[in-house]
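Engineer: Please read through the structure below; I'll follow up with questions.
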Amino acid sequence: MTAGFGLEKLGLLALHFPRWTLLVITIVTVALGYTASKIQFSSDVREIFRSDSPDYANLTMVEEQYPESVGDILLLVEADALLSRENLERLRDLHLELGFVDGVQDVLSIFSARDPPDASGRSDPVFPFELRDDELPEIREAVLHHPLVSRTLLSEDARTGLFIISIEPQPDIEDLRRLATELNGVVDTVLAGSDVRAQPTGVAFLRLEIVSSLIRDQRTFIIVGFVISFIVSWLFFRSIVYAALGGIPAIVAVIWLMGATQLRGQEVNVLTGVVPALVIVLVVASALHLLFGLRRNLAEGAALRDAIASSVVEIGPACVLASVTTAIALLSLTLVPHSLVAGFGLTAAIGTAIAFLATITVLPAAAYLVLSQIGSKPASDRSINVVFDTASRACARLGRVTLSQPRAVLAGGILLAAGAGALYASISPSYQYREYLPEHSAAHAAMGTIDERLGGTERMLILIQWPSDYQIETTETLEVVEKVHRLLEELPLITGVTSLYGIQKWASDGGFEKGKLFSFLSEAESPLMARILSLDHKSALVTGYFPDIDAVELLPIMDDLESQLADMRASYPNVHFAVTGTAVVSARASHEMIAQLNRSLLIAIGLNILLIGLVFRSTRAGLYSILPNLLPIAVAGAVLYVAGVGLQFTAVVAFTIGFGISVDSTIHILNYYNQTRSKGEAVKLALAETIRTIGPIIVVTTAVLIAGFGATLLSELPNLRLFGIVTIVLLVTAFFGDLLILPATIASMEERRSSRSGADKLDHENERDKTC
């Protein structure tokens with residue numbers, strides 16, 4: 001069996017029946033293209049950390065019991081004189097009009113504020129029906145010091161306010177788009193002609209921008225990938241025909257991938273959106289190797305069919321093995337128990353298989369039919385050779401430097417890997433879920449304003465769950481909620497807390513009896529009630545607000561809170577206390593995810609190195625591939641450390657993908673080196689020939705890979721830009737690792753082995769002479 005497990009014979013089958021092959025491929029492509037047109041895009045931020053963990057289960061429980069607190073759209077309003085009479089009248093009208101929009105459940109704003117109830121339970125609005133200029137200073141002071149408004153719904157300078165618009169949890173994206181359009185229409189109409197500036201924001205609203213960014217990014221990745229790949233292929237071959245032959249399988253592969261994704265019921269999310277770009281560069285990289293082999297065979301005088309067949313037989317096994325190693329690296333991501341990463345790993349692995357299948361079937365069939373019509377011998381051989389020879393001479397010089405001092409180069413590689421690895425090991429995990437939101441949008445900027453001037457957009461939720469037979473309307477309930485409220489309030493991060501205790505404290509300021517609080521809240525029918533207490537579920541919710549921070553800063557605060565809650569759990573053994581919230585759960589999940597990704601990466605590295613040794617039937621081949629493929633990961637980690645970025649799970653995913661791809665070039669070098677050695681060439685001569693011949697192709701494929709992944713730098717999503725930067729660093733380092741470190745490793749090890757064999761042979765001859 002060949003190194004490609006015989007799968008390269010699919011190319012020979014396609015070559016034998018080229019017309020039937022392309023007909024079947026066309027039918028399949030049309031069908032999958034129609035399916036791909038129906039693909040959906042995911043906008044749920046929770047997909048980032050969705051799992052079967054207890055933390056996520058607690059978040060789901062809160063969403064079920066307190067749905068009004070989940071799907072909020074935030075409306076930020078700003079003005080230099082926000083509390084002027086004219087602006088207050090406009091804003092009150094806005095509060096009322098927003099409540100009439102279909103899909104809005106309730107609205108909270110400064111106009112929801114009321115004075116503390118008196119002994120009879122009467123509670124008047126802070127803002128009277130008729131606003132008078134002489135009363136505004138008193139109203140201003142009242143609202144600025146209102147415990148449920150200050151720093152939550154109104155800034156301390158009274159220039160920034162917030163409307164919290166509760167909508168149905170997780171509406172369909174089209175319903176959300178319609179709702180957002182209506183809300184924007186109401187805002188524009190009511191505030192027209194005023195100096196009040198308004199901007200909707202919040203995770204619910206940003207879902208629309210996430211979908212828009214995903215659609216825009218995927219189109220950009222695909223278009224840029226095709227254009228750059230075509231240009232690079234043309235520059236290398238100086239032939240539009242050859243460039244097109246490399247691009248056609250890529251088009252087919254992308255359509256198949258999108259169709260298969262839709263058939264699997266998989267939505268495109270912030271990670272899977274880059275898979276089409278991955279497929280394009282994988283197809284073009286393999287196609288370049290096959291086309292170069294075809295061109296070389298034609299230049300040596302082979303007939304067209306024989307030239308294609310020879311290219312498939314000689315290079316096809318390496319393409320198969322490269323695809324297998326890449327797929328193994330990607331499948332290792334499925335070991336991570338988070339649906340976002342596992343789903344991405346499976347989708348990308350399927351994309352890798354599709355990339356190989358499209359390349360090995362479309363290219364031989366299309367090349368035979370096209371080149372047989374226009375002539376198999378390219379007319380521009382001289383111009384082609386100029387480009388190839390230039391790259392070949394550069395690689396040859398690189399090879400001479402490497403092979404003249406292989407041990408020095410190897411020692412330098414080991415030192416670089418050790419130093420970079422030490423920096424990698426020193427990186428602290430880092431995560432902010434806003435890295436997965438469009439960065440330069442007005443809605444994202446508004447979230448920053450809320451963090452700066454108000455209490456913050458992030459929430460730390462503490463669910464207090466009593467047994468089902470508990471009588472919740474008691475003073476014990478108030479006592480427990482008060483203790484939890486105070487615990488949360490004392491945390492250094494928290495800017496404000498909303499809970500049943502806050503309502504109780506507000507009510508007591510007016511002389512209202514504590515024992516009547518539950519009946520008062522039931523009669524008031526305030527939307528705030530649904531956010532702090534659930535009589536049906538026997539639970540209470542304490543909400544702390546804080547600005548967006550990194551998980552590294554948040555986790556110690558959460559740990560401190562958990563240690564304090566341990567005393568509460570001991571005092572109330574029948575009560576369940578759960579700390580949750582989007583930022584809280586994602587912070588915990590990110591650290592676990594990074595650790596799991598590092599483990600899966602180690603598994604992928606071990607399996608691929610083992611596979612290389614098995615396929616080439618050489619333990620040394622597996623050992624040779626270790627340093628050149630670990631070096632890129634270490635260097636990329638060191639770059640993150642020096643840049644102060646921190647280790648985000650997107651970067652670890654990029655490490656896995658970069659490793660899987662960088663192994664491909666290693667395989668092509670080992671494959672050609674073994675072929676050359678099998679012809680009787682000495683080690684260094686075989687290495688020099690390999691570098692001179694395979695080096696230029698690696699130059700071009702690396703350029704294509706960098707260009708394809710470089711398209712992610714155009715994304716509005718910070719996590720995708722980081723993904724692109726890390727992958728590019730990996731690819732550049734892998735290029736030098738394959739053309740410098742790998743040959744130096746082989747030369748050093750083989751030279752040592754030859755010296756040892758020679759010494760053993762000499763000792764044997766001396767011993768024989770003594771015997772004689």
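Labels for the structure tokens follow display order: chains A, B, ..., residues from 1 in each chain, ligands from 1.
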Could you name the residues that touch Thr181 of chain A at 12 Å or less, counting only C-alpha atoms, but leaving out those on the same chain fewer than 6 positions away, as a list in words?

Structural biologist: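 Once the nearby chain positions are removed, what remains is Val101, Asp102, Gly103, Glu174, Asp175, Val187, Asp188, Pro200, Phe205 and Leu208 of chain A.
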
Engineer: Write out, as a tab-separated table (two decimals), in the first residue's frame, the residues just selected, with all heavy atoms.

Structural biologist:
```tsv
chain	number	residue	atom	x	y	z
A	101	VAL	N	-44.69	48.82	20.71
A	101	VAL	CA	-44.11	48.11	19.56
A	101	VAL	C	-44.36	46.62	19.73
A	101	VAL	O	-44.13	46.05	20.81
A	101	VAL	CB	-42.60	48.40	19.46
A	101	VAL	CG1	-41.97	47.54	18.36
A	101	VAL	CG2	-42.35	49.87	19.19
A	102	ASP	N	-44.83	45.99	18.67
A	102	ASP	CA	-45.12	44.56	18.71
A	102	ASP	C	-43.84	43.78	18.96
A	102	ASP	O	-42.85	43.91	18.24
A	102	ASP	CB	-45.74	44.14	17.37
A	102	ASP	CG	-46.19	42.69	17.39
A	102	ASP	OD1	-46.50	42.19	18.49
A	102	ASP	OD2	-46.22	42.06	16.31
A	103	GLY	N	-43.84	42.95	20.00
A	103	GLY	CA	-42.66	42.17	20.36
A	103	GLY	C	-41.97	42.67	21.60
A	103	GLY	O	-41.13	41.97	22.17
A	174	GLU	N	-35.21	36.99	11.72
A	174	GLU	CA	-36.04	37.86	10.90
A	174	GLU	C	-37.01	38.66	11.77
A	174	GLU	O	-37.26	39.85	11.51
A	174	GLU	CB	-36.82	37.04	9.86
A	174	GLU	CG	-35.94	36.43	8.79
A	174	GLU	CD	-35.12	37.48	8.04
A	174	GLU	OE1	-35.66	38.59	7.79
A	174	GLU	OE2	-33.96	37.21	7.72
A	175	ASP	N	-37.55	38.03	12.82
A	175	ASP	CA	-38.41	38.76	13.75
A	175	ASP	C	-37.61	39.84	14.47
A	175	ASP	O	-38.12	40.95	14.70
A	175	ASP	CB	-39.02	37.79	14.77
A	175	ASP	CG	-40.03	36.86	14.14
A	175	ASP	OD1	-40.57	37.21	13.07
A	175	ASP	OD2	-40.28	35.77	14.70
A	187	VAL	N	-37.88	55.57	17.55
A	187	VAL	CA	-36.86	56.47	18.11
A	187	VAL	C	-36.66	57.68	17.21
A	187	VAL	O	-36.62	58.83	17.69
A	187	VAL	CB	-35.54	55.71	18.32
A	187	VAL	CG1	-34.41	56.68	18.68
A	187	VAL	CG2	-35.68	54.65	19.39
A	188	ASP	N	-36.54	57.45	15.92
A	188	ASP	CA	-36.31	58.56	14.98
A	188	ASP	C	-37.49	59.53	14.98
A	188	ASP	O	-37.31	60.75	14.93
A	188	ASP	CB	-36.07	58.02	13.57
A	188	ASP	CG	-34.75	57.26	13.46
A	188	ASP	OD1	-33.89	57.45	14.33
A	188	ASP	OD2	-34.61	56.46	12.51
A	200	PRO	N	-29.34	52.12	19.82
A	200	PRO	CA	-29.67	50.81	20.38
A	200	PRO	C	-28.42	49.94	20.45
A	200	PRO	O	-27.52	50.02	19.61
A	200	PRO	CB	-30.68	50.24	19.38
A	200	PRO	CG	-30.43	50.98	18.11
A	200	PRO	CD	-29.92	52.32	18.49
A	205	PHE	N	-29.45	43.11	20.43
A	205	PHE	CA	-29.42	43.93	19.22
A	205	PHE	C	-28.21	43.57	18.35
A	205	PHE	O	-28.29	43.57	17.12
A	205	PHE	CB	-29.39	45.40	19.60
A	205	PHE	CG	-29.44	46.33	18.42
A	205	PHE	CD1	-30.66	46.63	17.82
A	205	PHE	CD2	-28.29	46.88	17.90
A	205	PHE	CE1	-30.70	47.47	16.72
A	205	PHE	CE2	-28.33	47.73	16.81
A	205	PHE	CZ	-29.55	48.03	16.21
A	208	LEU	N	-27.98	41.04	15.23
A	208	LEU	CA	-28.16	41.45	13.83
A	208	LEU	C	-26.82	41.80	13.20
A	208	LEU	O	-26.53	41.43	12.05
A	208	LEU	CB	-29.11	42.64	13.74
A	208	LEU	CG	-30.54	42.40	14.19
A	208	LEU	CD1	-31.33	43.71	14.20
A	208	LEU	CD2	-31.23	41.39	13.29
```

Engineer: Show me, as a JSON list (two decimals) with all heavy atoms, in the first residue's frame, the residues that have an atom within 8 Å of Leu335 of chain A when counting only C-alpha atoms, minus same-chain residues fewer than 3 positions from it.

Structural biologist:
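The result, written out as part_4.json:
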```json
[["chain", "number", "residue", "atom", "x", "y", "z"],
["A", 331, "LEU", "N", -9.87, 17.11, 13.79],
["A", 331, "LEU", "CA", -10.76, 16.22, 14.54],
["A", 331, "LEU", "C", -10.42, 16.20, 16.03],
["A", 331, "LEU", "O", -11.28, 15.89, 16.86],
["A", 331, "LEU", "CB", -10.71, 14.81, 13.96],
["A", 331, "LEU", "CG", -11.44, 14.60, 12.64],
["A", 331, "LEU", "CD1", -11.17, 13.21, 12.09],
["A", 331, "LEU", "CD2", -12.95, 14.82, 12.82],
["A", 332, "SER", "N", -9.17, 16.53, 16.36],
["A", 332, "SER", "CA", -8.81, 16.58, 17.78],
["A", 332, "SER", "C", -9.63, 17.65, 18.51],
["A", 332, "SER", "O", -9.83, 17.56, 19.72],
["A", 332, "SER", "CB", -7.31, 16.87, 17.94],
["A", 332, "SER", "OG", -7.00, 18.21, 17.58],
["A", 342, "ALA", "N", -16.05, 22.06, 19.01],
["A", 342, "ALA", "CA", -16.23, 20.71, 18.46],
["A", 342, "ALA", "C", -16.90, 20.77, 17.09],
["A", 342, "ALA", "O", -16.49, 20.05, 16.16],
["A", 342, "ALA", "CB", -17.05, 19.86, 19.42],
["A", 596, "GLN", "N", -8.44, 22.35, 27.61],
["A", 596, "GLN", "CA", -8.84, 21.21, 26.79],
["A", 596, "GLN", "C", -8.28, 21.29, 25.38],
["A", 596, "GLN", "O", -7.88, 20.28, 24.79],
["A", 596, "GLN", "CB", -10.38, 21.13, 26.76],
["A", 596, "GLN", "CG", -10.99, 20.76, 28.11],
["A", 596, "GLN", "CD", -12.43, 21.18, 28.22],
["A", 596, "GLN", "OE1", -12.95, 21.94, 27.40],
["A", 596, "GLN", "NE2", -13.11, 20.71, 29.27],
["A", 600, "SER", "N", -5.93, 18.65, 23.40],
["A", 600, "SER", "CA", -6.27, 18.10, 22.08],
["A", 600, "SER", "C", -5.16, 18.39, 21.07],
["A", 600, "SER", "O", -4.89, 17.58, 20.17],
["A", 600, "SER", "CB", -7.60, 18.68, 21.59],
["A", 600, "SER", "OG", -7.49, 20.05, 21.27]]
```

Engineer: Write out as JSON, numbers by chain all residues of segment 436-580 of chain A that DSSP puts in alpha helix (DSSP H) for this structure's backbone.

Structural biologist: {"A": [442, 443, 444, 445, 446, 447, 448, 449, 450, 451, 452, 453, 475, 476, 477, 478, 479, 480, 481, 482, 483, 484, 485, 486, 487, 488, 489, 500, 501, 502, 503, 504, 505, 506, 507, 508, 517, 518, 519, 520, 521, 522, 523, 524, 529, 530, 531, 532, 551, 552, 553, 554, 555, 556, 557, 558, 559, 560, 561, 562, 563, 564, 565, 566, 567, 568, 569, 570, 571]}

Engineer: Hey, can you check how far atom CA of Thr701 of chain A sits from atom CA of Phe735 of chain A?

Structural biologist: 9.8 Å

Engineer: Go through A:Met460, A:Leu739, A:Glu68, A:Ser539 and flag the residue nearest Pro696 of chain A, using only C-alpha atoms for the distances.

Structural biologist: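 Of all the options, A:Leu739 lies closest to Pro696 of chain A.
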
Engineer: Near Thr495 of chain A, counting only C-alpha atoms, which residues have an atom at most 8 Å away, once you skip same-chain residues fewer than 2 positions from it, shown as a ChimeraX atom specification?

Structural biologist: /A:151,455-456,489,493,497,544-546

Engineer: For N, CA and C atoms, I'd like the residues from the last selection saved as a PDB file, in the first residue's frame.

Structural biologist:
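Dumped everything to again_36.pdb:
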```pdb
ATOM      1  N   ARG A 151     -26.804  55.427  38.469  1.00  0.00           N
ATOM      2  CA  ARG A 151     -25.706  54.630  37.919  1.00  0.00           C
ATOM      3  C   ARG A 151     -26.165  53.377  37.183  1.00  0.00           C
ATOM      4  N   GLY A 455     -23.638  51.734  34.995  1.00  0.00           N
ATOM      5  CA  GLY A 455     -23.162  50.618  35.809  1.00  0.00           C
ATOM      6  C   GLY A 455     -22.434  49.546  35.040  1.00  0.00           C
ATOM      7  N   GLY A 456     -22.584  49.528  33.725  1.00  0.00           N
ATOM      8  CA  GLY A 456     -21.951  48.491  32.927  1.00  0.00           C
ATOM      9  C   GLY A 456     -22.988  47.596  32.268  1.00  0.00           C
ATOM     10  N   GLU A 489     -22.720  43.290  46.640  1.00  0.00           N
ATOM     11  CA  GLU A 489     -22.484  44.733  46.658  1.00  0.00           C
ATOM     12  C   GLU A 489     -21.073  45.074  47.106  1.00  0.00           C
ATOM     13  N   LEU A 493     -15.677  44.901  41.957  1.00  0.00           N
ATOM     14  CA  LEU A 493     -16.036  45.098  40.555  1.00  0.00           C
ATOM     15  C   LEU A 493     -17.443  45.672  40.377  1.00  0.00           C
ATOM     16  N   VAL A 497     -26.401  46.953  42.373  1.00  0.00           N
ATOM     17  CA  VAL A 497     -27.077  45.669  42.580  1.00  0.00           C
ATOM     18  C   VAL A 497     -28.581  45.892  42.586  1.00  0.00           C
ATOM     19  N   GLY A 544     -25.953  41.871  39.860  1.00  0.00           N
ATOM     20  CA  GLY A 544     -24.905  42.875  40.028  1.00  0.00           C
ATOM     21  C   GLY A 544     -24.399  43.324  38.678  1.00  0.00           C
ATOM     22  N   TYR A 545     -24.228  44.632  38.483  1.00  0.00           N
ATOM     23  CA  TYR A 545     -23.783  45.190  37.208  1.00  0.00           C
ATOM     24  C   TYR A 545     -22.307  45.548  37.285  1.00  0.00           C
ATOM     25  N   PHE A 546     -21.611  45.324  36.181  1.00  0.00           N
ATOM     26  CA  PHE A 546     -20.187  45.675  36.136  1.00  0.00           C
ATOM     27  C   PHE A 546     -19.765  45.889  34.686  1.00  0.00           C
TER      28      PHE A 546
END
```

Engineer: Just the residues within 9 Å of segment 602-604 of chain A, please, counting only C-alpha atoms, with nothing from its chain fewer than 6 positions along; format it as a VMD selection string.

Structural biologist: chain A and resid 325 328 to 333 656 659 to 660

Engineer: Would you write out those residues with C-alpha atoms, as a PDB file, in the first residue's frame?

Structural biologist:
```
ATOM      1  CA  THR A 325      -2.783  14.766   9.062  1.00  0.00           C
ATOM      2  CA  ILE A 328      -6.523  14.506  12.431  1.00  0.00           C
ATOM      3  CA  ALA A 329      -5.470  17.872  13.842  1.00  0.00           C
ATOM      4  CA  LEU A 330      -8.946  19.275  13.199  1.00  0.00           C
ATOM      5  CA  LEU A 331     -10.765  16.224  14.544  1.00  0.00           C
ATOM      6  CA  SER A 332      -8.815  16.579  17.779  1.00  0.00           C
ATOM      7  CA  LEU A 333     -10.936  19.700  18.377  1.00  0.00           C
ATOM      8  CA  THR A 656      -4.190  23.318  15.843  1.00  0.00           C
ATOM      9  CA  PHE A 659       0.048  22.651  12.870  1.00  0.00           C
ATOM     10  CA  GLY A 660      -2.182  20.510  10.651  1.00  0.00           C
TER      11      GLY A 660
END
```

Engineer: Leaving out segment 279-286 of chain A and any residue of its chain fewer than 3 positions from it, which residues lie within 7 Å of it when counting only C-alpha atoms, given as a PyMOL selection string?

Structural biologist: chain A and resi 225+229+246-247+249-250+253-254+275-276+289-290+319+351-352+355-356+359+701+704-705+708

Engineer: Take the residues from that selection and put them in a file with N, CA and C atoms, as a JSON list (two decimals), in the first residue's frame.

Structural biologist:
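To be explicit, this is the file written out as again_19.json:
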```json
[["chain", "number", "residue", "atom", "x", "y", "z"],
["A", 225, "GLY", "N", -9.86, 34.83, -1.22],
["A", 225, "GLY", "CA", -9.16, 33.56, -1.37],
["A", 225, "GLY", "C", -9.03, 33.15, -2.82],
["A", 229, "SER", "N", -5.42, 33.44, -4.78],
["A", 229, "SER", "CA", -4.92, 32.13, -5.22],
["A", 229, "SER", "C", -4.72, 32.11, -6.73],
["A", 246, "GLY", "N", -6.20, 25.13, -11.25],
["A", 246, "GLY", "CA", -6.05, 25.09, -9.80],
["A", 246, "GLY", "C", -7.25, 25.68, -9.08],
["A", 247, "GLY", "N", -7.97, 26.60, -9.75],
["A", 247, "GLY", "CA", -9.10, 27.28, -9.11],
["A", 247, "GLY", "C", -10.42, 26.54, -9.21],
["A", 249, "PRO", "N", -11.23, 23.25, -8.94],
["A", 249, "PRO", "CA", -11.53, 22.36, -7.81],
["A", 249, "PRO", "C", -11.87, 23.12, -6.53],
["A", 250, "ALA", "N", -11.26, 24.30, -6.35],
["A", 250, "ALA", "CA", -11.55, 25.09, -5.15],
["A", 250, "ALA", "C", -13.00, 25.57, -5.15],
["A", 253, "ALA", "N", -15.15, 22.61, -4.35],
["A", 253, "ALA", "CA", -15.02, 22.21, -2.95],
["A", 253, "ALA", "C", -15.80, 23.14, -2.02],
["A", 254, "VAL", "N", -15.77, 24.44, -2.28],
["A", 254, "VAL", "CA", -16.50, 25.40, -1.44],
["A", 254, "VAL", "C", -18.00, 25.16, -1.55],
["A", 275, "VAL", "N", -13.98, 28.40, 7.48],
["A", 275, "VAL", "CA", -13.71, 27.10, 6.86],
["A", 275, "VAL", "C", -13.66, 27.17, 5.33],
["A", 276, "PRO", "N", -14.55, 27.93, 4.65],
["A", 276, "PRO", "CA", -14.39, 28.03, 3.19],
["A", 276, "PRO", "C", -13.02, 28.54, 2.76],
["A", 289, "HIS", "N", 0.97, 21.44, -6.24],
["A", 289, "HIS", "CA", 1.91, 20.32, -6.26],
["A", 289, "HIS", "C", 1.63, 19.39, -7.45],
["A", 290, "LEU", "N", 0.35, 19.08, -7.66],
["A", 290, "LEU", "CA", -0.01, 18.19, -8.76],
["A", 290, "LEU", "C", 0.26, 18.83, -10.12],
["A", 319, "CYS", "N", -0.34, 14.08, -1.02],
["A", 319, "CYS", "CA", -1.55, 14.90, -0.85],
["A", 319, "CYS", "C", -2.55, 14.20, 0.07],
["A", 351, "GLY", "N", -14.44, 19.61, 5.64],
["A", 351, "GLY", "CA", -13.95, 20.48, 4.57],
["A", 351, "GLY", "C", -12.62, 20.00, 4.02],
["A", 352, "THR", "N", -11.75, 19.49, 4.89],
["A", 352, "THR", "CA", -10.45, 18.97, 4.44],
["A", 352, "THR", "C", -10.64, 17.75, 3.56],
["A", 355, "ALA", "N", -11.95, 18.94, 0.29],
["A", 355, "ALA", "CA", -10.88, 19.58, -0.48],
["A", 355, "ALA", "C", -10.05, 18.53, -1.22],
["A", 356, "PHE", "N", -9.70, 17.45, -0.54],
["A", 356, "PHE", "CA", -8.92, 16.40, -1.20],
["A", 356, "PHE", "C", -9.73, 15.73, -2.30],
["A", 359, "THR", "N", -10.06, 17.93, -5.34],
["A", 359, "THR", "CA", -8.78, 18.10, -6.04],
["A", 359, "THR", "C", -8.41, 16.84, -6.82],
["A", 701, "THR", "N", 2.83, 27.82, -2.25],
["A", 701, "THR", "CA", 1.71, 27.37, -1.42],
["A", 701, "THR", "C", 1.64, 28.16, -0.12],
["A", 704, "VAL", "N", 0.04, 31.40, -0.92],
["A", 704, "VAL", "CA", -1.41, 31.22, -1.09],
["A", 704, "VAL", "C", -2.08, 31.08, 0.27],
["A", 705, "LEU", "N", -1.48, 30.28, 1.15],
["A", 705, "LEU", "CA", -2.05, 30.08, 2.48],
["A", 705, "LEU", "C", -2.11, 31.39, 3.26],
["A", 708, "GLY", "N", -4.77, 33.58, 1.79],
["A", 708, "GLY", "CA", -6.12, 33.11, 2.13],
["A", 708, "GLY", "C", -6.50, 33.44, 3.55]]
```

Engineer: Determine which residues of segment 143-373 of chain A DSSP labels as strand (DSSP E) from the backbone of this structure, then write them out as a ChimeraX atom specification.

Structural biologist: /A:160-167,197-201

Engineer: When you look at segment 31-34 of chain A with a cut-off of 10 Å (counting only C-alpha atoms), what residues show up, excluding the ones that are within fewer than 2 positions of it in the same chain? I need them as a PyMOL selection string.

Structural biologist: chain A and resi 25-29+36-39+252+254-263

Engineer: Go ahead and dump the residues you just picked, C-alpha atoms, as a PDB file, in the first residue's frame.

Structural biologist:
```
ATOM      1  CA  ILE A  25     -19.359  16.281 -10.319  1.00  0.00           C
ATOM      2  CA  THR A  26     -21.469  18.896 -12.116  1.00  0.00           C
ATOM      3  CA  ILE A  27     -24.725  17.229 -11.061  1.00  0.00           C
ATOM      4  CA  VAL A  28     -23.579  16.946  -7.442  1.00  0.00           C
ATOM      5  CA  THR A  29     -22.319  20.540  -7.450  1.00  0.00           C
ATOM      6  CA  ALA A  36     -26.026  25.876   0.077  1.00  0.00           C
ATOM      7  CA  SER A  37     -28.261  28.821  -0.871  1.00  0.00           C
ATOM      8  CA  LYS A  38     -30.412  28.027   2.175  1.00  0.00           C
ATOM      9  CA  ILE A  39     -27.584  28.057   4.722  1.00  0.00           C
ATOM     10  CA  VAL A 252     -16.352  22.948  -6.449  1.00  0.00           C
ATOM     11  CA  VAL A 254     -16.503  25.397  -1.444  1.00  0.00           C
ATOM     12  CA  ILE A 255     -19.929  24.642  -2.929  1.00  0.00           C
ATOM     13  CA  TRP A 256     -19.782  21.067  -1.655  1.00  0.00           C
ATOM     14  CA  LEU A 257     -18.740  22.289   1.793  1.00  0.00           C
ATOM     15  CA  MET A 258     -21.570  24.835   2.044  1.00  0.00           C
ATOM     16  CA  GLY A 259     -24.105  22.307   0.835  1.00  0.00           C
ATOM     17  CA  ALA A 260     -22.877  19.629   3.236  1.00  0.00           C
ATOM     18  CA  THR A 261     -22.964  22.145   6.099  1.00  0.00           C
ATOM     19  CA  GLN A 262     -26.606  22.923   5.370  1.00  0.00           C
ATOM     20  CA  LEU A 263     -27.499  19.222   5.041  1.00  0.00           C
TER      21      LEU A 263
END
```

Engineer: Determine, counting only C-alpha atoms, which protein, DNA and RNA residues have an atom within 12 Å of an atom of segment 505-510 of chain A; residues of the same chain fewer than 3 positions away are not included. Present the result as a ChimeraX atom specification.

Structural biologist: /A:113-124,145-149,478-479,481-482,485,498-502,513-518,520-521
